[in-house]
>>> print(open('data_4.csv').read())   # CSV, C-alpha atoms and all ligand atoms
chain,number,residue,atom,x,y,z
A,19,MET,CA,-20.3,-5.3,15.8
A,20,ARG,CA,-17.6,-4.8,13.2
A,21,LYS,CA,-14.1,-3.6,14.1
A,22,ILE,CA,-10.8,-3.0,12.3
A,23,THR,CA,-7.9,-2.5,14.7
A,24,ILE,CA,-4.8,-0.8,13.3
A,25,ASP,CA,-1.7,-1.3,15.5
A,26,LEU,CA,0.4,1.7,14.7
A,27,ASN,CA,3.2,0.4,16.9
A,28,ALA,CA,3.4,-2.6,14.5
A,29,VAL,CA,3.9,-0.1,11.7
A,30,ALA,CA,6.6,1.7,13.6
A,31,ASN,CA,8.3,-1.7,14.3
A,32,ASN,CA,8.1,-2.7,10.6
A,33,LEU,CA,9.7,0.6,9.7
A,34,ALA,CA,12.5,-0.1,12.1
A,35,VAL,CA,13.0,-3.6,10.6
A,36,MET,CA,13.2,-2.2,7.1
A,37,ARG,CA,15.5,0.7,8.1
A,38,LYS,CA,17.9,-1.8,9.8
A,39,LEU,CA,17.8,-4.0,6.6
A,40,VAL,CA,18.7,-1.2,4.2
A,41,ASN,CA,21.3,0.5,6.4
A,42,THR,CA,23.7,-2.3,6.7
A,43,GLU,CA,26.1,-0.6,4.2
A,44,GLY,CA,25.8,3.2,4.1
A,45,LYS,CA,22.8,5.4,4.4
A,46,VAL,CA,19.7,4.6,2.5
A,47,LEU,CA,16.6,6.8,3.1
A,48,VAL,CA,13.1,5.2,3.5
A,49,LEU,CA,10.0,6.6,1.8
A,50,GLY,CA,6.9,5.3,3.5
A,51,VAL,CA,4.1,4.7,0.9
A,52,VAL,CA,0.8,5.8,2.3
A,53,LYS,CA,-1.3,6.0,-0.9
A,54,ALA,CA,-4.8,4.6,-1.0
A,55,ASP,CA,-5.5,5.5,2.6
A,56,ALA,CA,-2.3,3.8,3.6
A,57,TYR,CA,-3.4,0.5,2.0
A,58,GLY,CA,-6.7,0.8,4.0
A,59,HIS,CA,-4.8,1.5,7.3
A,60,GLY,CA,-5.7,5.2,7.6
A,61,MET,CA,-3.4,7.6,5.8
A,62,ILE,CA,-3.3,10.4,8.4
A,63,GLN,CA,-2.9,8.2,11.4
A,64,VAL,CA,-0.2,6.1,9.7
A,65,ALA,CA,1.6,9.3,8.4
A,66,ARG,CA,1.6,10.9,11.9
A,67,LYS,CA,3.1,7.7,13.3
A,68,LEU,CA,5.7,7.5,10.6
A,69,GLU,CA,6.6,11.2,11.0
A,70,ALA,CA,6.9,10.7,14.8
A,71,GLU,CA,9.3,7.8,14.0
A,72,GLY,CA,11.3,10.2,11.8
A,73,ILE,CA,10.6,8.7,8.4
A,74,ASP,CA,12.6,10.4,5.7
A,75,TYR,CA,9.8,10.7,3.1
A,76,LEU,CA,6.2,9.9,2.5
A,77,GLY,CA,4.9,8.8,-0.9
A,78,VAL,CA,1.4,8.9,-2.4
A,79,ALA,CA,0.0,8.5,-5.9
A,80,ASP,CA,-2.1,11.7,-6.2
A,81,VAL,CA,-1.4,15.3,-5.4
A,82,GLU,CA,-4.8,15.4,-3.7
A,83,GLU,CA,-3.6,12.7,-1.2
A,84,ALA,CA,-0.4,14.8,-0.6
A,85,LEU,CA,-2.5,17.9,0.1
A,86,SER,CA,-4.6,16.0,2.6
A,87,LEU,CA,-1.4,15.1,4.4
A,88,ARG,CA,-0.3,18.7,4.5
A,89,ALA,CA,-3.8,19.8,5.7
A,90,ALA,CA,-3.5,17.3,8.6
A,91,GLY,CA,-0.2,19.0,9.6
A,92,ILE,CA,2.3,16.6,8.2
A,93,LYS,CA,5.6,18.4,7.6
A,94,THR,CA,7.7,15.5,6.2
A,95,ARG,CA,8.7,15.6,2.6
A,96,ILE,CA,6.0,14.1,0.4
A,97,LEU,CA,6.4,12.7,-3.2
A,98,ALA,CA,3.3,12.4,-5.4
A,99,TRP,CA,3.7,10.5,-8.7
A,100,LEU,CA,0.4,9.9,-10.6
A,101,HIS,CA,-1.0,13.1,-12.2
A,102,ASP,CA,-4.1,14.0,-14.1
A,103,PRO,CA,-3.7,16.9,-16.6
A,104,THR,CA,-5.9,19.1,-14.3
A,105,ASP,CA,-4.2,18.4,-10.9
A,106,ASP,CA,-3.4,21.5,-8.9
A,107,PHE,CA,0.4,21.8,-9.2
A,108,GLU,CA,0.3,25.4,-7.9
A,109,LYS,CA,-1.1,24.2,-4.7
A,110,ALA,CA,1.4,21.3,-4.6
A,111,VAL,CA,4.3,23.7,-5.1
A,112,ALA,CA,2.9,26.1,-2.5
A,113,LYS,CA,2.6,23.2,0.0
A,114,ASP,CA,6.2,22.0,-0.7
A,115,ILE,CA,5.2,18.7,-2.3
A,116,ASP,CA,7.8,16.9,-4.5
A,117,LEU,CA,6.3,16.0,-7.9
A,118,ALA,CA,7.2,13.1,-10.1
A,119,VAL,CA,7.7,14.3,-13.7
A,120,SER,CA,6.8,11.7,-16.4
A,121,SER,CA,6.6,13.9,-19.4
A,122,ALA,CA,7.7,17.3,-20.8
A,123,ASP,CA,4.1,18.5,-20.3
A,124,GLN,CA,4.2,17.7,-16.6
A,125,LEU,CA,7.6,19.5,-16.3
A,126,MET,CA,6.2,22.6,-18.0
A,127,ARG,CA,3.2,22.5,-15.6
A,128,VAL,CA,5.6,22.4,-12.6
A,129,VAL,CA,7.6,25.3,-14.1
A,130,LYS,CA,4.4,27.3,-14.6
A,131,ALA,CA,3.2,26.5,-11.0
A,132,ALA,CA,6.6,27.5,-9.6
A,133,LYS,CA,6.6,30.8,-11.4
A,134,ALA,CA,3.1,31.6,-10.3
A,135,GLN,CA,4.1,30.8,-6.7
A,136,VAL,CA,7.4,32.6,-7.0
A,137,SER,CA,8.9,29.4,-5.8
A,138,ILE,CA,11.0,26.5,-7.0
A,139,GLY,CA,9.4,23.2,-8.0
A,140,ARG,CA,10.9,20.0,-6.5
A,141,ILE,CA,10.9,17.3,-9.1
A,142,HIS,CA,11.8,13.6,-9.4
A,143,ILE,CA,12.1,12.4,-13.0
A,144,LYS,CA,10.2,9.2,-13.4
A,145,VAL,CA,11.7,6.9,-16.0
A,146,ASP,CA,9.8,4.0,-17.5
A,147,THR,CA,12.5,1.2,-17.4
A,148,GLY,CA,10.1,-1.5,-18.5
A,149,LEU,CA,6.9,-1.5,-16.5
A,150,SER,CA,5.1,0.5,-19.2
A,151,ARG,CA,3.0,2.5,-16.8
A,152,ASN,CA,3.9,6.2,-16.1
A,153,GLY,CA,7.4,7.5,-16.6
A,154,VAL,CA,9.2,8.9,-19.6
A,155,THR,CA,10.5,6.3,-22.1
A,156,MET,CA,14.2,5.9,-22.7
A,157,THR,CA,13.6,7.3,-26.2
A,158,GLU,CA,12.1,10.5,-24.8
A,159,LEU,CA,14.5,10.8,-21.8
A,160,PRO,CA,17.4,12.7,-23.5
A,161,ASP,CA,15.1,15.5,-24.5
A,162,LEU,CA,13.4,15.6,-21.1
A,163,LEU,CA,16.8,15.8,-19.4
A,164,ASP,CA,17.8,18.7,-21.6
A,165,GLN,CA,14.6,20.5,-20.7
A,166,VAL,CA,15.0,19.8,-17.0
A,167,LEU,CA,18.6,21.0,-17.2
A,168,ALA,CA,17.4,24.3,-18.7
A,169,GLU,CA,14.7,24.8,-16.1
A,170,VAL,CA,17.2,24.0,-13.3
A,171,GLU,CA,19.5,26.6,-14.7
A,172,SER,CA,16.7,29.1,-14.9
A,173,GLY,CA,15.9,28.5,-11.3
A,174,SER,CA,12.4,27.2,-11.8
A,175,VAL,CA,12.9,23.7,-10.5
A,176,THR,CA,15.3,21.6,-8.4
A,177,SER,CA,15.9,18.1,-9.8
A,178,VAL,CA,15.7,16.3,-6.5
A,179,GLY,CA,15.4,12.8,-7.7
A,180,ILE,CA,15.2,10.3,-10.5
A,181,PHE,CA,13.3,7.1,-10.1
A,182,SER,CA,11.6,4.1,-11.6
A,183,HIS,CA,9.5,1.1,-10.6
A,184,LEU,CA,10.0,-2.6,-11.2
A,185,SER,CA,7.5,-5.0,-12.8
A,186,SER,CA,8.3,-7.8,-10.2
A,187,THR,CA,8.0,-10.3,-13.0
A,188,GLY,CA,11.2,-12.3,-12.0
A,189,PRO,CA,14.9,-11.8,-11.7
A,190,LYS,CA,15.6,-11.7,-15.4
A,191,GLU,CA,13.1,-9.0,-16.1
A,192,ASP,CA,13.9,-7.0,-12.9
A,193,LEU,CA,17.6,-7.1,-13.5
A,194,ALA,CA,17.0,-5.9,-17.0
A,195,GLN,CA,15.1,-2.9,-15.6
A,196,ILE,CA,17.9,-2.2,-13.1
A,197,GLU,CA,20.3,-2.1,-16.1
A,198,VAL,CA,18.0,0.3,-18.0
A,199,PHE,CA,17.9,2.5,-14.8
A,200,GLU,CA,21.7,2.5,-14.7
A,201,GLN,CA,21.7,3.7,-18.3
A,202,ALA,CA,19.3,6.5,-17.4
A,203,LEU,CA,21.6,7.5,-14.6
A,204,GLU,CA,24.6,7.5,-16.9
A,205,LEU,CA,22.8,9.6,-19.5
A,206,ALA,CA,21.8,12.2,-16.8
A,207,LYS,CA,25.3,12.3,-15.5
A,208,ALA,CA,26.7,12.8,-19.0
A,209,LYS,CA,24.4,15.8,-19.4
A,210,GLY,CA,25.6,17.2,-16.1
A,211,LEU,CA,22.4,16.6,-14.1
A,212,SER,CA,22.9,15.3,-10.6
A,213,PHE,CA,20.3,14.0,-8.1
A,214,GLU,CA,20.2,13.8,-4.4
A,215,LEU,CA,17.9,10.8,-4.5
A,216,ARG,CA,18.0,8.0,-7.0
A,217,HIS,CA,15.3,5.4,-6.1
A,218,LEU,CA,14.0,2.3,-7.7
A,219,THR,CA,12.8,-0.4,-5.4
A,220,ALA,CA,9.5,-1.0,-3.5
A,221,SER,CA,9.2,-3.6,-0.8
A,222,ASP,CA,9.9,-6.6,-3.0
A,223,GLY,CA,12.9,-5.2,-4.8
A,224,THR,CA,14.3,-3.8,-1.6
A,225,LEU,CA,14.2,-7.3,-0.1
A,226,THR,CA,15.5,-9.0,-3.3
A,227,TYR,CA,18.1,-6.7,-4.8
A,228,PRO,CA,20.3,-5.1,-2.2
A,229,GLN,CA,22.4,-3.6,-5.1
A,230,ALA,CA,19.4,-1.6,-6.3
A,231,ARG,CA,18.5,0.3,-3.1
A,232,TYR,CA,20.4,3.4,-4.3
A,233,ASP,CA,19.7,6.5,-2.1
A,234,MET,CA,16.2,5.7,-1.0
A,235,VAL,CA,13.7,2.8,-1.0
A,236,ARG,CA,9.9,3.2,-1.3
A,237,ILE,CA,8.3,0.8,1.2
A,238,GLY,CA,4.6,0.2,1.2
A,239,VAL,CA,3.2,-3.2,2.0
A,240,ALA,CA,6.1,-4.2,4.3
A,241,LEU,CA,5.3,-1.3,6.6
A,242,TYR,CA,1.9,-2.8,7.1
A,243,GLY,CA,3.5,-6.0,8.1
A,244,LEU,CA,2.7,-8.0,4.9
A,245,SER,CA,5.0,-9.8,2.6
A,246,PRO,CA,5.2,-8.6,-1.0
A,247,PHE,CA,5.8,-12.1,-2.2
A,248,SER,CA,3.0,-14.7,-2.7
A,249,ASP,CA,5.3,-17.6,-1.5
A,250,ASN,CA,6.8,-15.8,1.5
A,251,ARG,CA,5.2,-15.0,4.8
A,252,ALA,CA,6.0,-11.7,6.5
A,253,ASN,CA,7.2,-13.1,9.8
A,254,GLU,CA,10.2,-14.5,7.9
A,255,PHE,CA,11.4,-10.9,7.6
A,256,GLY,CA,10.4,-10.0,11.1
A,257,LEU,CA,7.4,-8.0,10.0
A,258,THR,CA,4.1,-7.9,12.0
A,259,PRO,CA,0.7,-7.4,10.4
A,260,ALA,CA,-0.8,-4.1,11.5
A,261,MET,CA,-4.5,-4.8,10.6
A,262,THR,CA,-6.9,-7.0,12.5
A,263,CYS,CA,-10.5,-7.5,11.2
A,264,GLU,CA,-13.1,-8.7,13.6
A,265,ALA,CA,-16.9,-8.9,14.1
A,266,THR,CA,-19.3,-10.4,16.5
A,267,VAL,CA,-21.9,-13.1,15.9
A,268,VAL,CA,-25.3,-11.4,15.7
A,269,GLN,CA,-27.6,-14.5,15.8
A,270,THR,CA,-27.3,-18.3,16.1
A,271,LYS,CA,-29.9,-20.9,15.4
A,272,ARG,CA,-30.3,-24.7,15.4
A,273,VAL,CA,-31.4,-26.0,12.0
A,274,PRO,CA,-32.2,-29.5,10.8
A,275,ALA,CA,-30.2,-31.5,8.3
A,276,GLY,CA,-30.8,-30.5,4.7
A,277,SER,CA,-31.3,-26.8,5.4
A,278,GLY,CA,-30.1,-24.7,2.4
A,279,VAL,CA,-27.9,-21.8,3.6
A,280,SER,CA,-27.7,-18.3,2.0
A,281,TYR,CA,-28.2,-17.3,-1.6
A,282,GLY,CA,-28.0,-20.0,-4.2
A,283,TYR,CA,-27.7,-22.7,-1.6
A,284,LEU,CA,-24.0,-23.3,-2.2
A,285,TYR,CA,-24.3,-25.2,1.0
A,286,SER,CA,-26.9,-27.4,2.7
A,287,THR,CA,-26.4,-28.6,6.3
A,288,PRO,CA,-25.4,-32.3,6.2
A,289,VAL,CA,-26.8,-32.9,9.8
A,290,GLU,CA,-28.7,-31.0,12.4
A,291,THR,CA,-26.4,-28.1,13.4
A,292,THR,CA,-25.9,-24.5,14.6
A,293,LEU,CA,-25.6,-21.7,12.2
A,294,ALA,CA,-23.9,-18.4,13.2
A,295,LEU,CA,-24.7,-15.2,11.4
A,296,VAL,CA,-21.9,-12.6,11.0
A,297,PRO,CA,-22.7,-9.0,9.9
A,298,ILE,CA,-19.8,-8.7,7.4
A,299,GLY,CA,-20.3,-8.8,3.6
A,300,TYR,CA,-18.8,-7.6,0.4
A,301,ALA,CA,-19.9,-4.1,1.4
A,302,GLU,CA,-17.2,-4.3,4.0
A,303,GLY,CA,-14.7,-5.6,1.4
A,304,LEU,CA,-14.9,-9.3,2.2
A,305,PRO,CA,-14.6,-10.7,-1.4
A,306,ARG,CA,-17.7,-12.5,-2.6
A,307,SER,CA,-15.4,-14.7,-4.6
A,308,ALA,CA,-14.1,-16.1,-1.2
A,309,SER,CA,-17.5,-17.9,-0.7
A,310,GLY,CA,-16.9,-21.6,-0.1
A,311,GLU,CA,-13.1,-20.9,0.4
A,312,ALA,CA,-12.3,-18.4,3.2
A,313,GLU,CA,-12.0,-19.4,6.8
A,314,VAL,CA,-12.8,-17.3,9.9
A,315,SER,CA,-12.1,-18.1,13.5
A,316,ILE,CA,-14.8,-18.1,16.2
A,317,ASN,CA,-13.7,-18.7,19.8
A,318,ASP,CA,-10.3,-19.6,18.5
A,319,ARG,CA,-11.6,-22.4,16.2
A,320,LYS,CA,-11.4,-22.1,12.4
A,321,TYR,CA,-14.5,-22.6,10.3
A,322,LYS,CA,-14.9,-22.4,6.5
A,323,ILE,CA,-17.5,-20.0,5.1
A,324,HIS,CA,-19.3,-22.7,3.0
A,325,SER,CA,-22.2,-20.6,1.9
A,326,ARG,CA,-22.5,-17.4,-0.2
A,327,ILE,CA,-21.0,-14.2,1.2
A,328,ALA,CA,-23.7,-11.6,0.7
A,329,MET,CA,-23.6,-7.7,0.8
A,330,ASP,CA,-24.1,-7.4,4.6
A,331,GLN,CA,-23.6,-10.8,6.1
A,332,PHE,CA,-22.4,-14.4,5.9
A,333,VAL,CA,-23.3,-17.6,7.7
A,334,VAL,CA,-21.0,-20.1,9.4
A,335,ASP,CA,-21.9,-23.7,10.3
A,336,VAL,CA,-20.4,-24.1,13.7
A,337,GLY,CA,-21.7,-27.7,14.3
A,338,ASN,CA,-22.3,-28.4,17.9
A,339,ALA,CA,-19.8,-25.8,19.3
A,340,SER,CA,-21.2,-23.5,21.9
A,341,VAL,CA,-21.3,-20.2,20.0
A,342,SER,CA,-23.7,-17.5,21.1
A,343,PRO,CA,-24.6,-14.0,19.8
A,344,GLY,CA,-21.7,-11.7,20.8
A,345,ALA,CA,-19.0,-14.3,20.1
A,346,LYS,CA,-15.9,-12.8,18.5
A,347,VAL,CA,-15.2,-13.7,14.9
A,348,VAL,CA,-11.7,-13.0,13.5
A,349,ILE,CA,-11.9,-12.4,9.8
A,350,PHE,CA,-8.1,-12.0,9.8
A,351,GLY,CA,-5.7,-11.2,12.6
A,352,PRO,CA,-3.9,-12.8,15.5
A,353,ASN,CA,-5.3,-16.2,16.5
A,354,GLY,CA,-7.2,-16.3,13.2
A,355,PRO,CA,-6.6,-16.6,9.5
A,356,THR,CA,-4.1,-14.1,8.0
A,357,ALA,CA,-4.8,-11.5,5.3
A,358,ASP,CA,-2.7,-13.9,3.1
A,359,ASP,CA,-5.1,-16.7,3.8
A,360,LEU,CA,-8.0,-14.6,2.8
A,361,ALA,CA,-6.2,-13.4,-0.3
A,362,ASP,CA,-5.5,-17.1,-1.3
A,363,ALA,CA,-9.2,-17.9,-0.7
A,364,ALA,CA,-10.3,-15.1,-2.9
A,365,GLY,CA,-7.7,-15.6,-5.6
A,366,THR,CA,-6.0,-12.3,-5.0
A,367,ILE,CA,-3.1,-10.7,-3.1
A,368,ASN,CA,-2.8,-9.5,0.5
A,369,TYR,CA,-2.4,-5.9,-0.8
A,370,GLU,CA,-5.9,-6.0,-2.2
A,371,ILE,CA,-7.4,-7.5,0.9
A,372,VAL,CA,-6.2,-4.9,3.4
A,373,THR,CA,-6.8,-2.0,0.9
A,374,ARG,CA,-10.4,-3.0,0.3
A,375,MET,CA,-11.5,-3.7,3.9
A,376,GLY,CA,-13.8,-0.8,4.9
A,377,GLY,CA,-17.5,-0.3,4.6
A,378,ARG,CA,-19.2,-0.2,7.9
A,379,PHE,CA,-16.2,-1.4,10.0
A,380,LYS,CA,-15.5,0.9,12.9
A,381,ARG,CA,-11.8,1.6,13.2
A,382,GLU,CA,-9.7,1.6,16.3
A,383,TYR,CA,-6.0,2.7,16.4
A,384,LEU,CA,-3.4,1.5,18.9
A,385,GLY,CA,-0.4,3.7,19.5
A,386,SER,CA,-1.8,6.9,17.8
A,387,ILE,CA,0.1,10.1,17.7
A,388,GLU,CA,-2.2,13.1,18.5
A,389,GLU,CA,-2.0,16.1,16.3
B,401,LIG,C1,2.7,1.5,-4.5
B,401,LIG,C2,4.1,1.9,-4.9
B,401,LIG,C3,5.2,1.5,-4.1
B,401,LIG,C4,5.1,0.6,-2.8
B,401,LIG,O1,5.0,-0.7,-3.2
B,401,LIG,P1,5.0,-1.9,-2.1
B,401,LIG,O2,5.1,-3.1,-2.9
B,401,LIG,O3,3.7,-1.8,-1.4
B,401,LIG,O4,6.2,-1.7,-1.2
B,401,LIG,C5,6.4,2.0,-4.4
B,401,LIG,N1,6.6,2.8,-5.5
B,401,LIG,C6,5.6,3.1,-6.3
B,401,LIG,C7,5.8,3.9,-7.5
B,401,LIG,C8,4.3,2.6,-6.0
B,401,LIG,O5,3.3,3.0,-6.9
>>> encode(input="data_4.csv", output="structure tokens")
Amino acid sequence: MRKITIDLNAVANNLAVMRKLVNTEGKVLVLGVVKADAYGHGMIQVARKLEAEGIDYLGVADVEEALSLRAAGIKTRILAWLHDPTDDFEKAVAKDIDLAVSSADQLMRVVKAAKAQVSIGRIHIKVDTGLSRNGVTMTELPDLLDQVLAEVESGSVTSVGIFSHLSSTGPKEDLAQIEVFEQALELAKAKGLSFELRHLTASDGTLTYPQARYDMVRIGVALYGLSPFSDNRANEFGLTPAMTCEATVVQTKRVPAGSGVSYGYLYSTPVETTLALVPIGYAEGLPRSASGEAEVSINDRKYKIHSRIAMDQFVVDVGNASVSPGAKVVIFGPNGPTADDLADAAGTINYEIVTRMGGRFKREYLGSIEE
């Protein structure tokens, strides 16, 4: 009735495309970002596929996500970067998870965890070069570097990496951030700290600023076959969308002209017509704000959802087309609208569309790697 298909072979192919792109001059590692259930694609399934493809690193926001990956048997290096003051760093150190450090407090928590585990914490210093989210400010950086150096010398931590994240505002702002990152690297070097992995760019920066790929790039949305740019389509980069969202028509009916359709009668039938009922609503992640804007495809023909999208269902006016219960409805995917189209209809970005699709959809994976 409702099906999301994830083509893991498309993910593997997108990884190959990005690897080829970044390895034209020298070796650049790829970190695959699988946070937020791999942008709605299934974190464990995607991570297993990426591991089988030999990805260099995996990235998540939370330690809890990293621990789920380890619990599923993932052995690849994992970096987690968004920490709550109560997150279990001891377990993270025990499970060999790399931790971003955005403050002296976080550093001391890693040190404490490493001592408790009689182990060495693996850290990546996160620098705020202008996004103003997490990361140590340039003002606080010198002190943090001194503390890191002391802890490295005492054998509590290894300073594996230093990194930052761009605001993707535009070339002027992004280049200014790259410049600040360079200053951070200079400062660390002057203090005698070296890093195996300097990393700055996500999908968009990796595609836009070859000079800023450093030792590793952190690729999320491009792995799922979507473009990080609102004015660029993924196929221009050779990327293939991995997610398809489909449903089946559950009921059709003939109605006379002037029939009000769905809540609030956003739409009334202009003439006698056939209405098709589709069992997908905002509970499945289809944005209610796309009512009157989004298109779906039924039997390879596109139709606008003129009426209000409800929690469980929406209605499509299919005119006099021969559509019966059981007919396939493509919400987005091959031969239908794209996730970008739905994002445009809902006034959002493709990232949000794929990440939010869920609810009662059944999932099917193509090209899975068994445990
Ligand atoms: C989410 C995230 C990424 C990946 O971004 P994409 O635009 O999806 O490639 C990279 N780095 C950090 C720190 C992130 O939070």
>>> closest_residue(input="data_4.csv", among="A:Tyr242, A:Tyr285, A:Tyr300, A:Phe181", to="Lys322 of chain A", atoms="only C-alpha atoms")
A:Tyr285
>>> atom_distance(input="data_4.csv", atom1="atom CA of Asn152 of chain A", atom2="atom CA of Tyr227 of chain A")
22.3 Å
>>> closest_atom_pairs(input="data_4.csv", of="chain A", to="ligand LIG 401 (chain B)", cutoff="8 Å", atoms="all atoms listed in the file", output="tab-separated table")
residue	atom	partner	partner_atom	distance
A:Val51	CA	B:LIG401	C4	5.6
A:Lys53	CA	B:LIG401	C1	7.0
A:Gly77	CA	B:LIG401	N1	7.7
A:Val78	CA	B:LIG401	O5	7.7
A:Ala79	CA	B:LIG401	O5	6.5
A:Trp99	CA	B:LIG401	C7	7.0
A:Ser182	CA	B:LIG401	C7	7.1
A:His183	CA	B:LIG401	C7	5.6
A:Leu218	CA	B:LIG401	N1	7.7
A:Thr219	CA	B:LIG401	C5	6.9
A:Ala220	CA	B:LIG401	O4	4.1
A:Ser221	CA	B:LIG401	O4	3.6
A:Asp222	CA	B:LIG401	O2	5.9
A:Arg236	CA	B:LIG401	C5	4.8
A:Ile237	CA	B:LIG401	O4	4.1
A:Gly238	CA	B:LIG401	O3	3.4
A:Val239	CA	B:LIG401	O3	3.7
A:Ala240	CA	B:LIG401	O4	6.0
A:Leu241	CA	B:LIG401	O4	7.9
A:Pro246	CA	B:LIG401	O2	5.8
A:Tyr369	CA	B:LIG401	O3	7.4
>>> residues_around(input="data_4.csv", residues="Arg216 of chain A", least_positions_apart="5", cutoff="9 Å", atoms="all atoms listed in the file", output="list of chain:residue names")
A:His142, A:Val178, A:Gly179, A:Ile180, A:Phe181, A:Ser182, A:Leu203, A:Arg231, A:Tyr232, A:Asp233, A:Met234
>>> residues_around(input="data_4.csv", residues="Lys133 of chain A", least_positions_apart="3", cutoff="10 Å", atoms="only C-alpha atoms", output="compact mmCIF listing (two decimals) with C-alpha atoms, keeping the file's coordinate frame")
# COMPACT_ATOMS: atom_id res chain seq x y z
CA GLU A 108 0.30 25.40 -7.90
CA VAL A 111 4.30 23.70 -5.10
CA ARG A 127 3.20 22.50 -15.60
CA VAL A 128 5.60 22.40 -12.60
CA VAL A 129 7.60 25.30 -14.10
CA LYS A 130 4.40 27.30 -14.60
CA VAL A 136 7.40 32.60 -7.00
CA SER A 137 8.90 29.40 -5.80
CA ILE A 138 11.00 26.50 -7.00
CA GLY A 139 9.40 23.20 -8.00
CA GLY A 173 15.90 28.50 -11.30
CA SER A 174 12.40 27.20 -11.80
CA VAL A 175 12.90 23.70 -10.50
>>> residues_near_point(input="data_4.csv", point="(-6.8, -1.4, 6.7)", cutoff="8 Å", atoms="all atoms listed in the file", output="ChimeraX atom specification")
/A:22,24,56-60,261,372-376
>>> closest_residue(input="data_4.csv", among="A:Val235, A:Ala70, A:Leu167, A:Met156", to="Val29 of chain A", atoms="only C-alpha atoms")
A:Ala70
>>> residues_around(input="data_4.csv", residues="segment 308-312 of chain A", least_positions_apart="4", cutoff="6 Å", atoms="only C-alpha atoms", output="PyMOL selection string")
chain A and resi 322-327+360+363-364
>>> write_last_selection(input="data_4.csv", atoms="C-alpha atoms", output="compact mmCIF listing (two decimals), in the frame of the given file")
# COMPACT_ATOMS: atom_id res chain seq x y z
CA LYS A 322 -14.90 -22.40 6.50
CA ILE A 323 -17.50 -20.00 5.10
CA HIS A 324 -19.30 -22.70 3.00
CA SER A 325 -22.20 -20.60 1.90
CA ARG A 326 -22.50 -17.40 -0.20
CA ILE A 327 -21.00 -14.20 1.20
CA LEU A 360 -8.00 -14.60 2.80
CA ALA A 363 -9.20 -17.90 -0.70
CA ALA A 364 -10.30 -15.10 -2.90
>>> atom_distance(input="data_4.csv", atom1="atom CA of Asp362 of chain A", atom2="atom CA of Gly282 of chain A")
22.9 Å
>>> closest_residue(input="data_4.csv", among="A:Ser277, A:Ser286, A:Glu313, A:Thr258", to="Pro352 of chain A", atoms="all atoms listed in the file")
A:Thr258
